[in-house]
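Undergrad: Take a look at model_11.cif, mmCIF, C-alpha atoms:
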data_final
#
loop_
_atom_site.group_PDB
_atom_site.id
_atom_site.type_symbol
_atom_site.label_atom_id
_atom_site.label_comp_id
_atom_site.auth_asym_id
_atom_site.auth_seq_id
_atom_site.Cartn_x
_atom_site.Cartn_y
_atom_site.Cartn_z
ATOM 1 C CA MET A 196 0.000 0.000 0.000
ATOM 2 C CA ALA A 197 1.046 3.629 -0.458
ATOM 3 C CA GLN A 198 3.273 4.839 2.378
ATOM 4 C CA LEU A 199 2.017 7.916 4.225
ATOM 5 C CA ARG A 200 4.732 10.286 5.341
ATOM 6 C CA GLU A 201 3.176 12.051 8.309
ATOM 7 C CA GLU A 202 5.753 14.829 8.645
ATOM 8 C CA PRO A 203 4.582 17.897 6.682
ATOM 9 C CA GLN A 204 6.719 19.372 3.944
ATOM 10 C CA ILE A 205 7.119 22.846 2.479
ATOM 11 C CA LEU A 206 7.003 23.181 -1.290
ATOM 12 C CA ALA A 207 8.367 26.675 -1.831
ATOM 13 C CA GLY A 208 8.527 28.740 -4.978
ATOM 14 C CA SER A 209 11.132 31.371 -5.754
ATOM 15 C CA SER A 210 11.213 34.461 -7.932
ATOM 16 C CA TRP A 211 11.805 34.370 -11.663
ATOM 17 C CA ASP A 212 12.225 37.083 -14.271
ATOM 18 C CA ASP A 213 8.509 37.868 -14.595
ATOM 19 C CA TYR A 214 7.364 37.332 -10.994
ATOM 20 C CA GLY A 215 8.566 37.979 -7.468
ATOM 21 C CA LEU A 216 7.219 38.354 -3.941
ATOM 22 C CA VAL A 217 8.894 41.661 -3.056
ATOM 23 C CA ASP A 218 7.760 42.036 0.563
ATOM 24 C CA SER A 219 4.929 41.095 2.917
ATOM 25 C CA GLY A 220 3.527 42.010 6.293
ATOM 26 C CA ASN A 221 0.615 43.553 8.199
ATOM 27 C CA GLY A 222 -1.814 41.288 6.348
ATOM 28 C CA ARG A 223 -0.689 42.321 2.862
ATOM 29 C CA LYS A 224 1.864 41.374 0.210
ATOM 30 C CA LEU A 225 3.712 43.303 -2.483
ATOM 31 C CA GLU A 226 4.398 41.394 -5.713
ATOM 32 C CA ARG A 227 5.863 42.213 -9.094
ATOM 33 C CA TYR A 228 4.251 40.894 -12.245
ATOM 34 C CA GLY A 229 6.587 41.844 -15.055
ATOM 35 C CA ASP A 230 6.925 45.639 -15.041
ATOM 36 C CA TYR A 231 4.006 46.160 -12.647
ATOM 37 C CA ARG A 232 3.744 45.941 -8.861
ATOM 38 C CA PHE A 233 0.613 45.195 -6.870
ATOM 39 C CA ILE A 234 -0.487 45.017 -3.258
ATOM 40 C CA ARG A 235 -2.979 42.332 -2.275
ATOM 41 C CA PRO A 236 -4.466 41.150 1.027
ATOM 42 C CA GLU A 237 -2.620 38.265 2.682
ATOM 43 C CA PRO A 238 -3.936 37.339 6.158
ATOM 44 C CA GLN A 239 -1.045 34.927 6.771
ATOM 45 C CA ALA A 240 1.534 37.732 6.566
ATOM 46 C CA MET A 241 1.299 38.442 10.295
ATOM 47 C CA TRP A 242 4.771 39.958 10.603
ATOM 48 C CA GLN A 243 6.018 43.460 9.839
ATOM 49 C CA PRO A 244 7.072 44.508 6.316
ATOM 50 C CA ARG A 245 10.815 44.865 5.785
ATOM 51 C CA LEU A 246 10.614 47.669 3.236
ATOM 52 C CA GLY A 247 9.517 51.118 4.280
ATOM 53 C CA ASN A 248 7.983 52.174 0.962
ATOM 54 C CA TRP A 249 5.680 49.960 -1.068
ATOM 55 C CA ASP A 250 5.654 51.687 -4.441
ATOM 56 C CA ALA A 251 2.872 49.903 -6.349
ATOM 57 C CA HIS A 252 0.798 50.427 -9.463
ATOM 58 C CA GLY A 253 -2.357 49.198 -7.778
ATOM 59 C CA GLU A 254 -3.864 47.653 -4.679
ATOM 60 C CA PHE A 255 -6.803 45.313 -4.171
ATOM 61 C CA VAL A 256 -8.961 46.624 -1.331
ATOM 62 C CA PRO A 257 -11.119 43.814 0.073
ATOM 63 C CA GLY A 258 -14.813 44.154 0.873
ATOM 64 C CA SER A 259 -16.138 44.379 4.388
ATOM 65 C CA ASP A 260 -17.831 40.964 4.421
ATOM 66 C CA GLU A 261 -16.213 37.570 4.959
ATOM 67 C CA ASP A 262 -17.432 36.238 1.601
ATOM 68 C CA GLY A 263 -14.930 38.288 -0.351
ATOM 69 C CA GLY A 264 -15.519 41.062 -2.793
ATOM 70 C CA GLY A 265 -13.548 44.233 -3.105
ATOM 71 C CA ARG A 266 -12.035 46.363 -5.849
ATOM 72 C CA TRP A 267 -8.772 47.485 -7.377
ATOM 73 C CA GLN A 268 -7.429 50.980 -6.767
ATOM 74 C CA TYR A 269 -4.748 52.256 -9.129
ATOM 75 C CA ASP A 270 -2.032 54.842 -8.500
ATOM 76 C CA LYS A 271 -0.365 54.334 -11.890
ATOM 77 C CA PRO A 272 -1.639 53.210 -15.308
ATOM 78 C CA VAL A 273 -2.141 49.461 -15.704
ATOM 79 C CA PRO A 274 -3.205 47.763 -18.981
ATOM 80 C CA GLN A 275 -6.769 46.653 -18.311
ATOM 81 C CA ALA A 276 -6.598 44.105 -21.131
ATOM 82 C CA GLY A 277 -3.560 42.534 -19.492
ATOM 83 C CA TRP A 278 0.117 42.164 -20.360
ATOM 84 C CA PRO A 279 2.270 39.157 -21.340
ATOM 85 C CA LEU A 280 4.381 37.163 -18.861
ATOM 86 C CA LYS A 281 6.349 33.922 -19.117
ATOM 87 C CA TRP A 282 7.220 30.942 -16.958
ATOM 88 C CA ARG A 283 9.806 28.829 -18.737
ATOM 89 C CA ASP A 284 8.370 28.281 -22.236
ATOM 90 C CA ALA A 285 4.784 28.964 -21.170
ATOM 91 C CA ALA A 286 3.557 32.464 -22.016
ATOM 92 C CA PHE A 287 0.328 33.850 -20.604
ATOM 93 C CA THR A 288 -1.565 37.064 -19.986
ATOM 94 C CA ALA A 289 -1.613 38.622 -16.526
ATOM 95 C CA LYS A 290 -4.461 40.965 -15.653
ATOM 96 C CA CYS A 291 -6.176 42.382 -12.582
ATOM 97 C CA THR A 292 -9.307 40.276 -12.095
ATOM 98 C CA PRO A 293 -12.333 41.123 -9.903
ATOM 99 C CA PHE A 294 -11.359 38.177 -7.667
ATOM 100 C CA ARG A 295 -8.035 39.771 -6.579
ATOM 101 C CA HIS A 296 -6.007 37.293 -8.662
ATOM 102 C CA LEU A 297 -3.882 38.262 -11.649
ATOM 103 C CA GLY A 298 -4.675 35.438 -14.051
ATOM 104 C CA PHE A 299 -2.399 32.712 -12.654
ATOM 105 C CA PHE A 300 -1.114 31.373 -9.338
ATOM 106 C CA PRO A 301 2.668 31.853 -9.042
ATOM 107 C CA ASP A 302 2.941 29.553 -6.027
ATOM 108 C CA MET A 303 2.121 26.655 -8.377
ATOM 109 C CA ALA A 304 5.452 26.950 -10.216
ATOM 110 C CA PRO A 305 7.226 24.315 -8.040
ATOM 111 C CA VAL A 306 4.198 22.042 -8.486
ATOM 112 C CA TRP A 307 4.549 22.214 -12.282
ATOM 113 C CA ASP A 308 8.244 21.334 -11.944
ATOM 114 C CA TRP A 309 7.446 18.444 -9.597
ATOM 115 C CA MET A 310 4.843 16.957 -11.945
ATOM 116 C CA LEU A 311 7.210 17.048 -14.901
ATOM 117 C CA LYS A 312 9.862 15.356 -12.781
ATOM 118 C CA GLN A 313 7.434 12.531 -11.966
ATOM 119 C CA LEU A 314 6.788 12.019 -15.668
ATOM 120 C CA ASP A 315 10.558 11.746 -16.126
ATOM 121 C CA GLY A 316 10.973 12.851 -19.697
ATOM 122 C CA LYS A 317 7.900 11.093 -21.077
ATOM 123 C CA THR A 318 6.459 12.498 -24.295
ATOM 124 C CA ASN A 319 3.368 10.281 -24.502
ATOM 125 C CA ALA A 320 1.854 10.813 -21.046
ATOM 126 C CA GLU A 321 -1.893 11.288 -20.510
ATOM 127 C CA THR A 322 -2.615 13.861 -17.817
ATOM 128 C CA LEU A 323 -5.754 15.513 -16.455
ATOM 129 C CA ASN A 324 -5.932 19.077 -15.112
ATOM 130 C CA LEU A 325 -9.139 19.617 -13.128
ATOM 131 C CA PHE A 326 -10.201 23.172 -12.247
ATOM 132 C CA GLY A 327 -7.501 24.186 -14.716
ATOM 133 C CA TYR A 328 -8.172 27.964 -14.615
ATOM 134 C CA THR A 329 -6.166 29.847 -17.257
ATOM 135 C CA GLY A 330 -4.074 26.900 -18.302
ATOM 136 C CA VAL A 331 -0.462 27.619 -17.331
ATOM 137 C CA GLY A 332 -0.235 24.211 -15.671
ATOM 138 C CA SER A 333 -1.699 22.562 -18.762
ATOM 139 C CA LEU A 334 0.873 24.280 -20.971
ATOM 140 C CA ALA A 335 3.637 23.009 -18.680
ATOM 141 C CA LEU A 336 2.290 19.436 -18.700
ATOM 142 C CA SER A 337 1.810 19.413 -22.470
ATOM 143 C CA GLN A 338 5.536 18.955 -23.048
ATOM 144 C CA ALA A 339 5.111 15.458 -21.583
ATOM 145 C CA GLY A 340 2.141 14.435 -23.771
ATOM 146 C CA ARG A 341 -1.608 14.903 -24.040
ATOM 147 C CA VAL A 342 -3.452 17.005 -21.467
ATOM 148 C CA THR A 343 -7.175 17.239 -20.750
ATOM 149 C CA HIS A 344 -7.921 20.660 -19.255
ATOM 150 C CA VAL A 345 -11.289 20.995 -17.474
ATOM 151 C CA ASP A 346 -12.823 24.106 -15.953
ATOM 152 C CA ALA A 347 -16.436 25.153 -15.404
ATOM 153 C CA SER A 348 -15.703 28.755 -16.397
ATOM 154 C CA LYS A 349 -16.110 29.430 -20.102
ATOM 155 C CA LYS A 350 -14.183 32.667 -19.650
ATOM 156 C CA SER A 351 -11.227 30.902 -17.987
ATOM 157 C CA VAL A 352 -11.028 28.259 -20.698
ATOM 158 C CA ALA A 353 -11.122 30.967 -23.372
ATOM 159 C CA GLN A 354 -8.241 32.708 -21.597
ATOM 160 C CA ALA A 355 -6.368 29.394 -21.432
ATOM 161 C CA ARG A 356 -6.709 28.990 -25.209
ATOM 162 C CA GLU A 357 -5.447 32.542 -25.694
ATOM 163 C CA ASN A 358 -2.479 31.811 -23.436
ATOM 164 C CA ALA A 359 -1.622 28.777 -25.569
ATOM 165 C CA GLU A 360 -1.647 30.956 -28.679
ATOM 166 C CA LEU A 361 0.454 33.611 -26.945
ATOM 167 C CA ALA A 362 3.043 30.950 -26.093
ATOM 168 C CA GLY A 363 3.002 29.537 -29.629
ATOM 169 C CA MET A 364 1.618 26.315 -28.155
ATOM 170 C CA GLU A 365 -1.788 26.278 -29.848
ATOM 171 C CA ASN A 366 -0.827 23.010 -31.575
ATOM 172 C CA ARG A 367 0.114 21.257 -28.336
ATOM 173 C CA PRO A 368 -2.058 18.171 -27.606
ATOM 174 C CA ILE A 369 -4.432 19.843 -25.127
ATOM 175 C CA ARG A 370 -8.194 19.295 -24.953
ATOM 176 C CA TRP A 371 -9.880 22.438 -23.595
ATOM 177 C CA LEU A 372 -13.204 21.516 -21.948
ATOM 178 C CA VAL A 373 -15.839 23.700 -20.291
ATOM 179 C CA ASP A 374 -17.386 21.225 -17.896
ATOM 180 C CA ASP A 375 -18.124 20.486 -14.261
ATOM 181 C CA ALA A 376 -14.962 18.790 -12.992
ATOM 182 C CA ALA A 377 -16.722 16.295 -10.712
ATOM 183 C CA LYS A 378 -19.239 15.243 -13.365
ATOM 184 C CA TYR A 379 -16.571 14.958 -16.045
ATOM 185 C CA THR A 380 -14.370 12.796 -13.812
ATOM 186 C CA ALA A 381 -17.282 10.493 -12.982
ATOM 187 C CA ARG A 382 -18.002 10.066 -16.705
ATOM 188 C CA GLU A 383 -14.351 9.241 -17.356
ATOM 189 C CA VAL A 384 -14.557 6.494 -14.718
ATOM 190 C CA ARG A 385 -17.589 5.009 -16.475
ATOM 191 C CA ARG A 386 -15.687 5.144 -19.769
ATOM 192 C CA GLY A 387 -12.851 3.151 -18.243
ATOM 193 C CA ARG A 388 -10.279 5.866 -18.916
ATOM 194 C CA ARG A 389 -6.777 5.931 -17.419
ATOM 195 C CA TYR A 390 -4.268 8.736 -16.811
ATOM 196 C CA ASP A 391 -0.591 8.938 -15.934
ATOM 197 C CA GLY A 392 -1.142 11.936 -13.691
ATOM 198 C CA ILE A 393 -3.887 14.179 -12.309
ATOM 199 C CA ILE A 394 -3.718 17.639 -10.789
ATOM 200 C CA LEU A 395 -6.761 19.129 -9.089
ATOM 201 C CA ASP A 396 -7.166 22.536 -7.493
ATOM 202 C CA PRO A 397 -10.773 22.614 -6.279
ATOM 203 C CA PRO A 398 -12.235 25.855 -4.921
ATOM 204 C CA LYS A 399 -13.852 26.108 -1.526
ATOM 205 C CA PHE A 400 -17.148 26.893 -3.252
ATOM 206 C CA GLY A 401 -18.108 27.089 -6.896
ATOM 207 C CA ARG A 402 -20.740 26.587 -9.557
ATOM 208 C CA GLY A 403 -20.599 24.479 -12.693
ATOM 209 C CA PRO A 404 -21.616 25.582 -16.196
ATOM 210 C CA LYS A 405 -25.191 24.411 -15.523
ATOM 211 C CA ALA A 406 -25.375 26.017 -12.062
ATOM 212 C CA GLU A 407 -24.124 22.875 -10.312
ATOM 213 C CA THR A 408 -23.069 23.697 -6.755
ATOM 214 C CA TRP A 409 -19.679 22.628 -5.423
ATOM 215 C CA ARG A 410 -18.721 22.681 -1.734
ATOM 216 C CA ILE A 411 -15.346 21.204 -0.956
ATOM 217 C CA GLU A 412 -16.359 19.592 2.349
ATOM 218 C CA GLU A 413 -19.187 17.743 0.610
ATOM 219 C CA GLY A 414 -17.652 16.877 -2.740
ATOM 220 C CA LEU A 415 -13.931 16.349 -2.294
ATOM 221 C CA ALA A 416 -13.965 12.728 -1.073
ATOM 222 C CA ASP A 417 -16.064 11.504 -4.012
ATOM 223 C CA LEU A 418 -13.962 13.477 -6.482
ATOM 224 C CA VAL A 419 -10.699 12.040 -5.143
ATOM 225 C CA SER A 420 -12.235 8.560 -5.226
ATOM 226 C CA ASP A 421 -13.070 8.990 -8.911
ATOM 227 C CA CYS A 422 -9.594 10.334 -9.603
ATOM 228 C CA ARG A 423 -8.119 7.255 -7.932
ATOM 229 C CA ASP A 424 -10.171 5.071 -10.314
ATOM 230 C CA LEU A 425 -8.541 6.855 -13.256
ATOM 231 C CA LEU A 426 -5.057 5.868 -12.046
ATOM 232 C CA ASP A 427 -3.342 2.492 -11.873
ATOM 233 C CA GLU A 428 -0.085 0.969 -10.666
ATOM 234 C CA ASN A 429 1.748 2.426 -13.669
ATOM 235 C CA SER A 430 0.461 5.972 -13.122
ATOM 236 C CA LYS A 431 2.839 8.550 -11.722
ATOM 237 C CA PHE A 432 1.059 11.130 -9.583
ATOM 238 C CA LEU A 433 -1.957 12.902 -8.167
ATOM 239 C CA PHE A 434 -1.484 16.420 -6.805
ATOM 240 C CA LEU A 435 -4.232 18.096 -4.745
ATOM 241 C CA THR A 436 -4.112 21.730 -3.610
ATOM 242 C CA VAL A 437 -6.651 23.526 -1.424
ATOM 243 C CA TYR A 438 -6.816 27.253 -0.676
ATOM 244 C CA ALA A 439 -8.561 29.301 2.010
ATOM 245 C CA VAL A 440 -10.103 26.510 4.087
ATOM 246 C CA ARG A 441 -10.001 25.671 7.776
ATOM 247 C CA MET A 442 -8.399 22.328 7.186
ATOM 248 C CA SER A 443 -5.044 20.668 7.810
ATOM 249 C CA SER A 444 -2.885 19.181 5.063
ATOM 250 C CA LEU A 445 -2.812 16.050 7.226
ATOM 251 C CA SER A 446 -6.551 15.631 6.633
ATOM 252 C CA LEU A 447 -5.948 15.738 2.874
ATOM 253 C CA ALA A 448 -3.162 13.193 3.272
ATOM 254 C CA GLY A 449 -5.450 10.950 5.308
ATOM 255 C CA LEU A 450 -8.008 11.068 2.521
ATOM 256 C CA LEU A 451 -5.386 10.076 -0.058
ATOM 257 C CA ALA A 452 -4.062 7.332 2.229
ATOM 258 C CA GLU A 453 -7.533 5.813 2.363
ATOM 259 C CA MET A 454 -8.133 6.101 -1.378
ATOM 260 C CA PHE A 455 -4.685 4.798 -2.376
ATOM 261 C CA ALA A 456 -4.466 1.997 0.173
ATOM 262 C CA ASP A 457 -4.272 -0.601 -2.604
ATOM 263 C CA MET A 458 -1.638 1.239 -4.629
ATOM 264 C CA PRO A 459 2.148 1.436 -4.436
ATOM 265 C CA GLY A 460 3.883 4.766 -3.935
ATOM 266 C CA ILE A 461 4.224 7.587 -1.427
ATOM 267 C CA ILE A 462 1.740 10.079 0.047
ATOM 268 C CA GLU A 463 3.090 13.430 1.220
ATOM 269 C CA HIS A 464 1.491 16.641 2.450
ATOM 270 C CA GLY A 465 2.298 20.129 3.633
ATOM 271 C CA ASP A 466 2.240 23.809 2.669
ATOM 272 C CA LEU A 467 2.727 25.602 -0.588
ATOM 273 C CA ALA A 468 4.690 28.790 -0.032
ATOM 274 C CA VAL A 469 6.469 31.590 -1.872
ATOM 275 C CA ARG A 470 9.809 32.950 -0.718
ATOM 276 C CA GLU A 471 10.272 36.694 -0.555
ATOM 277 C CA GLU A 472 12.979 38.204 -2.680
ATOM 278 C CA GLY A 473 14.288 39.552 0.605
ATOM 279 C CA VAL A 474 16.458 42.440 1.644
ATOM 280 C CA GLY A 475 19.847 41.488 0.263
ATOM 281 C CA GLY A 476 18.554 38.510 -1.713
ATOM 282 C CA GLU A 477 16.352 35.424 -1.338
ATOM 283 C CA ALA A 478 18.727 33.913 1.214
ATOM 284 C CA ASN A 479 17.135 36.372 3.638
ATOM 285 C CA GLY A 480 13.629 36.031 2.257
ATOM 286 C CA ARG A 481 10.776 34.822 4.456
ATOM 287 C CA LEU A 482 8.418 32.058 3.400
ATOM 288 C CA LEU A 483 4.808 33.124 2.908
ATOM 289 C CA PRO A 484 2.381 30.163 3.058
ATOM 290 C CA THR A 485 -0.361 30.187 0.436
ATOM 291 C CA ALA A 486 -2.169 26.828 0.412
ATOM 292 C CA ILE A 487 -2.099 23.265 1.678
ATOM 293 C CA PHE A 488 -1.449 20.230 -0.488
ATOM 294 C CA ALA A 489 -1.361 16.463 -0.516
ATOM 295 C CA ARG A 490 0.146 14.332 -3.237
ATOM 296 C CA TRP A 491 0.555 10.720 -4.266
ATOM 297 C CA SER A 492 3.565 9.707 -6.327
ATOM 298 C CA ASN A 493 4.694 6.382 -7.699
ATOM 299 C CA PRO A 494 8.461 6.588 -8.266
ATOM 300 C CA SER A 495 8.684 2.885 -9.141
#
Would you mind writing the file's structure down as structure tokens?

TA:
Amino acid sequence: MAQLREEPQILAGSSWDDYGLVDSGNGRKLERYGDYRFIRPEPQAMWQPRLGNWDAHGEFVPGSDEDGGGRWQYDKPVPQAGWPLKWRDAAFTAKCTPFRHLGFFPDMAPVWDWMLKQLDGKTNAETLNLFGYTGVGSLALSQAGRVTHVDASKKSVAQARENAELAGMENRPIRWLVDDAAKYTAREVRRGRRYDGIILDPPKFGRGPKAETWRIEEGLADLVSDCRDLLDENSKFLFLTVYAVRMSSLSLAGLLAEMFADMPGIIEHGDLAVREEGVGGEANGRLLPTAIFARWSNPS
């Protein structure tokens, strides 16, 4: 059976040319996205900022209720249609969205690297990206073979297609599907499909294209069970990330341990984090946690 490693791990991302966590503190963070800098809320930044002046193009000011909301305030011009960024060979458009995000999740960069390492140079892999958002992860996985990208948001999938064109990857073997992730996965189980790897990044709450309601506490166990049925002893990984929930990564790992009890491999869990660029370099940069994760891998 899969071995559960109970000790939590930290999977930390670092800066690259087009992104960096400049500073954080007092419940906020300052990031650079290409030539632009933004301030966003970050409740986990409980410490004091290290820089005295946060010179930013814009700031997201959250709403007064716990359910989110808020708006962007700009001190300098920002292209409302977005601007191009790159991660490795994957190009994509960053833009200030109404949901405080900027079109991709930079803390996922070490996850993309980890998945490609599990596939170990394969060029004919079959992978599934559930809740795929704007597709940067799908573009990364496509160098290892065919990818099925699923998201309930028609707008997000359209942006993912545009990102593929921007990167010159429109001919990569990616299926772009607007669909409810849980329903699609259940249909794939009935079809007897199999994948080499699955990544899923379910929201705390969401709605499908036909107004299906998703609540992570109610739907996650069944979704992971279906994902397990799409993997076999020759598959390489499943990576699960969860944001903004009152839940421990150990609970996610326990769920995977139950679902993968009949499989070989390793189950690990912990925090995703981003390291500040730091005063004097990243060696002095603090780690800002962003999400929890659990993963199954099959190195054999």

Undergrad: Starting from the PyMOL selection byres ((chain A and resi 420) around 12), expand the selection into actual residues of this file and give them as a PyMOL selection string.

TA: chain A and resi 377+380-381+384+414-419+421-426+433+450-456

Undergrad: Would you mind reading off the distance between CA of Leu225 (chain A) and CA of Thr288 (chain A), one decimal, in Å?

TA: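 A separation of 19.3 Å between them.
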
Undergrad: Which one of A:Pro484, A:Pro398, A:Gly473, A:Gly220 sits closest to Pro244 (chain A) if you count all atoms listed in the file?

TA: A:Gly220

Undergrad: Give me, please, the distance in Å between CA of Ile462 (chain A) and CA of Tyr390 (chain A), quoted to one decimal.

TA: 17.9 Å

Undergrad: Report as a ChimeraX atom specification the residues that result from applying the PyMOL selection byres ((chain A and resi 252) around 8) to the structure here.

TA: /A:231-233,250-251,253-254,269-273

Undergrad: Using all atoms listed in the file, what does the table of region 202-298 of chain A residues within 10 Å of region 321-344 of chain A look like, with each row giving the shortest atom pair and its distance in Å to one decimal, sorted by chain and ascending number, as a tab-separated table?

TA:
residue	atom	partner	partner_atom	distance
A:Lys281	CA	A:Val331	CA	9.5
A:Trp282	CA	A:Val331	CA	8.4
A:Arg283	CA	A:Ala335	CA	8.5
A:Asp284	CA	A:Ala335	CA	7.9
A:Ala285	CA	A:Leu334	CA	6.1
A:Ala286	CA	A:Val331	CA	7.8
A:Phe287	CA	A:Val331	CA	7.1
A:Thr288	CA	A:Thr329	CA	9.0
A:Ala289	CA	A:Thr329	CA	9.9
A:Gly298	CA	A:Thr329	CA	6.6

Undergrad: Using only C-alpha atoms, please write the residues we just selected to a file, as a PDB file, keeping the file's coordinate frame.

TA:
ATOM      1  CA  LYS A 281       6.349  33.922 -19.117  1.00  0.00           C
ATOM      2  CA  TRP A 282       7.220  30.942 -16.958  1.00  0.00           C
ATOM      3  CA  ARG A 283       9.806  28.829 -18.737  1.00  0.00           C
ATOM      4  CA  ASP A 284       8.370  28.281 -22.236  1.00  0.00           C
ATOM      5  CA  ALA A 285       4.784  28.964 -21.170  1.00  0.00           C
ATOM      6  CA  ALA A 286       3.557  32.464 -22.016  1.00  0.00           C
ATOM      7  CA  PHE A 287       0.328  33.850 -20.604  1.00  0.00           C
ATOM      8  CA  THR A 288      -1.565  37.064 -19.986  1.00  0.00           C
ATOM      9  CA  ALA A 289      -1.613  38.622 -16.526  1.00  0.00           C
ATOM     10  CA  GLY A 298      -4.675  35.438 -14.051  1.00  0.00           C
TER      11      GLY A 298
END

Undergrad: Give the answer as one residue: which of A:Glu202, A:Asp396, A:Glu413, A:Asp218 has the shortest atom-to-atom distance to Phe434 (chain A), using all atoms listed in the file?

TA: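 Answer, going by the shortest atom-to-atom distance: A:Asp396.
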
Undergrad: State, in Å with one decimal place, the distance from CA of Gln204 (chain A) to CA of Lys431 (chain A).

TA: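 According to the coordinates, CA of Gln204 (chain A) and CA of Lys431 (chain A) are separated by 19.4 Å.
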
Undergrad: Find the residues near Gly264 (chain A): any atom within 9 Å, counting all atoms listed in the file, skip ones fewer than 6 places away on the same chain, and give them as a VMD selection string.

TA: chain A and resid 256 to 258 293 to 295

Undergrad: May I ask which of the residues A:Glu412, A:Asp230, A:Ala468, A:Ala347 is the closest one to Gly480 (chain A), counting all atoms listed in the file?

TA: A:Ala468

Undergrad: Which of these, A:Gly465, A:Gln243, A:Ile234, A:Lys317, has the shortest distance to Gln268 (chain A) once you count all atoms listed in the file?

TA: A:Ile234

Undergrad: Just want the 8 Å neighbourhood of Gly215 (chain A), counted on only C-alpha atoms, with same-chain residues fewer than 4 positions away dropped. Output as a VMD selection string.

TA: chain A and resid 209 to 211 226 to 228 471 to 472

Undergrad: Could you name the residues that touch Arg200 (chain A) at 8 Å or less, counting all atoms listed in the file, but leaving out those on the same chain fewer than 5 positions away, as number ranges by chain?

TA: A: 461-464

Undergrad: Tell me which residues the PyMOL selection byres ((chain A and resi 352) around 8) grabs here, as a list in words.

TA: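 Output from the PyMOL selection byres ((chain A and resi 352) around 8), applied to this file: Tyr328, Thr329, Gly330, Val345, Asp346, Ser348, Lys349, Lys350, Ser351, Ala353, Gln354, Ala355, Arg356, Trp371, Leu372 and Val373 of chain A.
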
Undergrad: I need the residue nearest Asp466 (chain A) from this list: A:Asp391, A:Asp308, A:Asp302, A:Glu365. Use all atoms listed in the file for the distance.

TA: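 Closest residue, counting all atoms listed in the file: A:Asp302.
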
Undergrad: Under the rule that all atoms listed in the file are counted, which of A:Asp374, A:Asp212, A:Glu237, A:Glu201 is the nearest residue to Ala486 (chain A)?

TA: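 Closest to Ala486 (chain A), using all atoms listed in the file: A:Glu237.
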